[in-house]
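J.: Got a structure here, written out as structure tokens. Questions coming.
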Amino acid sequence: MAEMSLPDLVGSILGFSLTLMVFSYVFGDNALFRATIHLFIGAAAGYAAVVAWYNVTWPQLFLPLILGSQSERLYALFPLVLSGLLLFKISPRLSGYGSPAVAYLVGVGAAVAIGGAVLGTIFPQTLATINLLDLEAIRQSGETPLWLLIQGLLIILGTVTTLAYFHFGARQKLDGSAKRAEWIEILALIGQVFIAITLGVVLAGVFTSALTALIERVNYIADFILPLITGQ
Amino acid sequence: MDEIRCPMCGKPNPADLEECQHCQARLKPLMNTSDWQAEEPPFPESTPQPSDTSGDEASMDEWLSFLRENEEAGDDQGSSGDSTFEWLEDETDDESDKDIWMGPDESDEDLPNWLKEMGTDDLPTEPERVHFPEEEGDQEIELEGEEEPDWLQKIRTRQMEESSVQPETEFGSTAEPGETAGPELGDDLDEELSLIAEFEQDIDTGEYAGEAVPEFEIEQEALPEGMEEEIADELPEPAEDEFPAWMAGVVAGSAAAASLEVDAETEGLPEWLSDLEKSSTLDQEEIVPFGEEGDDLTFDWLQSQVRADQDIPFGDMSEPEGELADIGPVSPFVGDLSDFLEDAELSTLESGDVLEETKGEDLAPADLPHWLEAMRPIDAAAGMYAMGDKDAPVESSGPLAGLQGVLPVEPEIAQLKKPIAYALRLQVSENQQAHADLFEKLVKSEGEPKAIAGRPVLSSQYLFRLIIFVVLLLAIAWPIFTNSQVVPLPGLSPEVLDTSKIIGDLPDNPLVLLAVDYEPGLAGELEAISAVVVDHLMLKGAYLTLVSTTPNGPALAERMIAEISASGGHSYQGIDRYANLGYIPGGVIGLQGFARSPRQVAPYALDPDSTSVWTRPPLDQAQNLAEFDLVAVLSDDPGRAKAWIEQVQPALDDTPMVALISSQAEPLVRPYYHAYPKQVQGMVVGLAGGGSYENAHQDLAARSGVARRYWDAYTLGMLAAAILIGAGGVVNVIAKILETQKQAKAGGKS
């Protein structure tokens with residue numbers, strides 16, 4: 001505590017106060033909590049703007065236009081035009097001029113996301129699930145084949161039943177009602193169990209993350225208070 | 001009477017004009033034809049049958065001879081006979097005035113004094129009421145009175161019999177179709193008199209026998225011979241007392257106009273008519289101005305009227321002439337007739353008491369002939385008065401002078417009435433009415449302010465929240481404040497082991513790309529994970545290239561490096577030990593671009609000099625991400641972690657990727673680790689992963705030990721949370737059971 005500089009001391013006091021103000025939410029929504037939230041949002045937005053300027057706009061757009069070579073200038077001209085068109089979105093009357101930039105962003109973004117999802121998730125995960133029963137792979141893994149086989153079967157069962165749960169196709173009966181096939185219903189019921197377990201894990205992960213964040217804050221408070229109490 | 005005096009301006013006008021040529025006032029009021037004119041029996045009905053005149057003088061009816069005698073007497077005396085009814089003729093000639101005289105009310109009570117007095121002795125007490133059927137000729141004469149003369153009853157009876165037996169022989173049947181003889185003939189008294197005179201003349205001259213035969217006799221000629229006599233024999237001879245009402249008056253007038261030699265006691269003539277005849281003789285001699293007549297004035301009814309108007313007692317007939325002289329000569333026949341009518345009416349209205357007295361004491365109800373009754377001026381006014389409102393205005397001038405309420409002052413406004421209120425109630429059933437009432441109640445309730453239910457200060461949810469917070473806070477704070485580290489760290493998990501092995505297998509001074517993609521809110525968890533891993537990397541002398549896809553990432557990266565460096569005793573400061581490339585904009589697009597060409601996406605370091613790190617060692621050796629020795633992703637968001645795996649991992653080739661992620665991102669990232677081939681070669685998940693990594697590297701835990709410091713609190717906190725969740729579930733189950741039992745009891749009681 002004695003080694004702490006004045007800025008660190010001020011920062012510690014400010015952090016301690018803001019932490020307590022956030023904790024006041026346990027008594028309901030109040031002005032202290034709202035003030036703290038507004039402060040955080042404002043500080044984050046301001047910091048993001050500064051980062052965007054110093055880290056993106058200035059070095060990657062204006063600096064090449066000013067100091068860059070001819071190719072760098074031409075290369076920087078394209079994002080400059082698109083950025084300028086995006087500014088037309090401010091005015092409802094002129095927002096149409098910003099549509100090309102938005103179309104470029106959406107189109108490229110969707111293409112990149114879909115491509116990444118197909119090549120990075122669907123194909124690898126499908127292949128991984130298939131390979132769970134690959135005896136050669138099991139043998140190469142060095143683990144107990146039976147256990148790996150059971151583990152693979154469970155994973156396949158969970159994957160198939162979960163996908164069956166999200167299968168909503170059904171044939172319409174004579175009375176107008178629609179109901180999935182009986183075997184799909186059974187698989188969906190099993191998949192529902194896996195989904196429930198997965199959601200439970202997600203909830204536990206969220207709770208664990210929140211609990212860890214709370215622990216970190218309590219530890220911060222303890223680190224701030226204990227030296228004041230003990231004088232160490 | 002070829003002139004009509006205008007009632008408004010008093011100037012004479014031709015008789016055929018309807019409006020005054022001087023003042024445009026209407027000379028003939030728009031009143032309907034008087035009842036007496038309309039009800040006047042047709043002349044032929046009361047005309048004696050032609051057969052009566054076919055015989056000699058002796059076989060003629062006495063009344064006919066009487067008429068002839070009167071006619072002769074009239075001829076002898078010139079116009080004296082006419083002068084007897086001069087006032088009557090004058091008035092009847094004037095149609096405008098005549099209309100006024102005609103009134104619907106024939107009641108005895110409304111008779112003026114002069115009429116009452118006139119008929120006190122001679123007329124029946126009750127006025128006769130004559131009813132004539134409207135067109136078909138079957139006239140029915142009904143006399144209502146206490147003393148209906150016998151002759152009149154006989155006439156009526158015989159007429160009824162004749163009309164029922166031989167309607168075609170009636171005189172009226174000879175009229176042209178559609179021609180109503182009665183009203184036309186009776187409109188004008190002159191015409192009646194002239195017809196009578198012609199009739200008598202025809203009888204005298206024998207034209208009835210053949211030559212100048214009237215229409216009705218032409219039909220008789222068509223009869224076979226002998227039939228005339230038979231019919232004449234069969235028909236009853238008219239008696240002298242069987243005069244019709246109108247004829248009786250005419251006869252009486254004619255007799256009076258003659259020398260009045262007829263005996264007053266002749267049967268069929270009422271006494272009053274006899275008196276009238278007698279009194280008429282005075283008129284022949286001398287016309288005494290009104291008011292100057294003597295006590296023996298025959299027109300005592302007129303005198304009585306004047307006296308009544310002047311409030312002169314009736315009994316005092318021997319008043320000095322001076323009093324009458326004060327009244328002045330008053331003649332109802334001189335000057336404007338309306339004045340006379342007005343006076344008469346006003347006197348009637350104002351002296352109602354006198355009228356009542358005279359009616360009850362001295363005067364008996366007069367039985368007037370219908371024609372005379374119809375001519376009563378007061379009758380009309382009295383009738384109107386009786387029918388109208390007493391508050392109605394009295395006309396002061398014009399032909400309607402003296403009449404009350406005949407012209408509405410405000411015909412439109414005065415008759416304004418409150419409009420009829422029609423019921424607006426719909427015909428609805430009870431069910432519909434109930435629904436309407438319910439709807440109305442709902443609508444009304446919407447407009448009524450409702451008191452906001454006050455929130456309880458301590459609600460159950462609020463209490464539960466406080467309890468949970470206190471329990472968790474105590475479970476967390478107690479180990480921290482006591483610096484408890486009794487709970488053992490978790491064992492080494494496969495993913496942590498893989499991560500530790502990968503890092504351990506790195507060459508010295510490796511190029512490590514460290515993605516800091518988490519938010520400040522979860523910095524505590526991520527810093528607990530990364531502390532030991534990054535410390536391990538620092539021990540390996542790795543050149544850390546920091547990059548982030550969140551704006552706050554560069555700052556958190558700087559903070560992390562500074563804290564770990566300080567806690568681990570490293571000197572990671574400056575561009576020589578690490579490069580913070582800062583923020584990569586564009587999300588997945590930025591990551592895709594960064595994976596393909598990191599030098600173009602993030603060319604400068606986020607330092608005060610904006611150093612171009614790709615042109616200086618050690619990054620100058622790396623043209624792409626595959627040339628990095630390790631890619632470590634620190635993320636609290638499964639989406640960002642997945643983006644790194646999807647967009648960057650395919651570009652890494654053999655470069656391993658480890659995920660240092662939050663617990664909440666584990667469920668979505670773990671499949672990439674368990675994939676075959678693995679997309680993520682190692683994982684450190686949450687505080688447990690950090691504790692496990694520390695547990696695997698005790699030397700590292702001794703220097704940083706963040707996970708170790710948090711682990712006891714984490715364990716107690718998780719235990720407390722599990723207890724709270726379990727306790728809450730049990731409470732809910734118990735509450736549900738109790739509620740079910742309560743409902744079951746309530747259902748059993750009901």
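How things are named: the first chain in the structure tokens is A, the next is B, and so on; residues count from 1 in each chain; ligands count from 1 in the order shown.
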At a cut-off of 12 Å, using only C-alpha atoms, what residues contact Thr545 of chain B? Leave out same-chain residues fewer than 6 positions from it and give the result as an MDAnalysis selection string.
T.: chainID B and resid 510:516 534 537 554 557:558 561 572 574:582 598 602:606 613:614 617:619 622 625 628:633
J.: Determine which residues of segment 10-213 of chain A receive a DSSP assignment of alpha helix (DSSP H), computed from the backbone, and state them as number ranges by chain.
T.: A: 10-23, 31-52, 63-67, 70-87, 99-117, 123-131, 135-141, 145-165, 182-213
J.: Atom CA of Tyr47 of chain A and atom CA of Asn552 of chain B are how many Å apart?
T.: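 Those two atoms sit 7.2 Å apart.
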J.: What does the distance from atom CA of Ile156 of chain A to atom CA of Leu132 of chain A come to in Å, to one decimal?
T.: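 Answer for the atom CA of Ile156 of chain A to atom CA of Leu132 of chain A separation: 7.9 Å.
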J.: Can you tell me how far atom CA of Ile155 of chain A sits from atom CA of Thr129 of chain A, in Å to one decimal?
T.: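 The value is 7.3 Å.
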J.: Taking only C-alpha atoms into account, find every residue of chain B that has an atom no more than 7 Å from chain A, and write it out as a list in words.
T.: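 So the residues of chain B near chain A are Leu466, Ile476, Ala477, Ile480, Phe481, Leu522, Gly524, Glu525, Pro551, Asn552, Gly582, Tyr583, Val588, Ile589, Leu606, Ile645, Glu646, Gln647, Ser662, Ser663, Gln664, Pro667, Ala675, Tyr676, Pro677, Tyr710, Ala713 and Tyr714 of chain B.
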J.: Might you pull out every residue within 10 Å of Tyr97 of chain A, with only C-alpha atoms counted and same-chain residues fewer than 2 positions away left off, and present them as a ChimeraX atom specification?
T.: /A:82,84-89,91,93-95,99-102
